[in-house]
Amino acid sequence: MRVVLLGPPGAGKGTQAAKLSKAFGIPPVATGDIFRANIREGTELGILAKEYIDRGDLVPDEVVIAMVMDRLGADDSADGFLLDGFPRTVGQAEALDKRLHQARDQHPLDAALNFEITEREQFKRLLSRAEREHRSDDSEEIIRHRLEVYHAKTKPLVDYYASRGMLVPVNGMGSIDEVSGRIMASLSERVDPPAQART
Ligand code: AMP
């Protein structure tokens, strides 16, 4: 199964990617987590990305695209992946399409899950995450900027995937289990159920 998780910061993409990963046995590929690991390790990529991340801006397309294409080449993503936080621009979405089209099995994306939550709920979740995880980009001012960036650069992907028949809207309000129940129900119309659920 090849799925993209779309939606504004704080919509619950990472939480649901972890659950889907367990259920389907495919890896979550979270670009934000990869950047943060690189920042912790002090790599060249981390040093470059930190500047953008701390401001709440997007890391340039060519940097993110190269990193994700490299990651998707790893053996564990051969049978599928859950992309969390990528693509975030139309340029990134086009690069992903091109890559999947060129891949040996030419297996396209199965779905782009679009998490929908109110702005009030986003702020609530992001501010409480800042207290728990001390993320450098979860301060109120930077959150506001990240939401502006989301609207300007990432939201156009909703139309991009809708026009390709891949968009699956997900009501992201409510408990973690409520949301994952909705996702499973929507996905069941598009993909085979997870192995342990098959009879
Ligand atoms: P996230 O953990 O997904 O909220 O990502 C944290 C930050 O990493 C973002 O605010 C961006 O600065 C950067 N980032 C993550 N994914 C991407 C991407 N696909 N394109 C550009 N920047 C990204």
# chains A, B, ... in the order shown; residues from 1 in each chain; ligands from 1
call {"tool": "residues_near_ligand", "arguments": {"ligand": "ligand 1", "cutoff": "10 Å", "atoms": "only C-alpha atoms and all ligand atoms", "output": "ChimeraX atom specification"}}
result
/A:6-11,13-14,30-36,49-65,67-68,83-89,91-93,126,135-138,142-143,145-147,149-150,153-154
call {"tool": "select_by_dssp", "arguments": {"residues": "chain A", "states": "helix (DSSP H, G or I)", "output": "PyMOL selection string"}}
result
chain A and resi 13-24+31-41+44-55+61-72+75-77+90-102+119-133+140-154+156-162+176-187+195-197
call {"tool": "atom_distance", "arguments": {"atom1": "CA of Asn38 in chain A", "atom2": "CA of Phe115 in chain A"}}
result
26.9 Å
call {"tool": "closest_residue", "arguments": {"among": "A:Leu187, A:Ala112, A:Ile176, A:Ala23", "to": "Tyr161 in chain A", "atoms": "only C-alpha atoms"}}
result
A:Ala112
call {"tool": "atom_distance", "arguments": {"atom1": "CA of Ala185 in chain A", "atom2": "CA of Ala103 in chain A"}}
result
28.6 Å
call {"tool": "closest_residue", "arguments": {"among": "A:Val29, A:Ala17, A:Val90, A:Leu100", "to": "Asp159 in chain A", "atoms": "only C-alpha atoms"}}
result
A:Val90
call {"tool": "atom_distance", "arguments": {"atom1": "CA of Gly46 in chain A", "atom2": "CA of Arg2 in chain A"}}
result
26.8 Å
call {"tool": "residues_around", "arguments": {"residues": "range 164-173 of chain A", "least_positions_apart": "4", "cutoff": "6 Å", "atoms": "only C-alpha atoms", "output": "list in words"}}
result
Ala111, Ala112, Leu113, Asn114, Phe115, Glu116, Ile117 and Val179 of chain A
call {"tool": "closest_residue", "arguments": {"among": "A:Gly25, A:Gln16, A:Ala37, A:Gly174", "to": "Thr118 in chain A", "atoms": "only C-alpha atoms"}}
result
A:Gly174
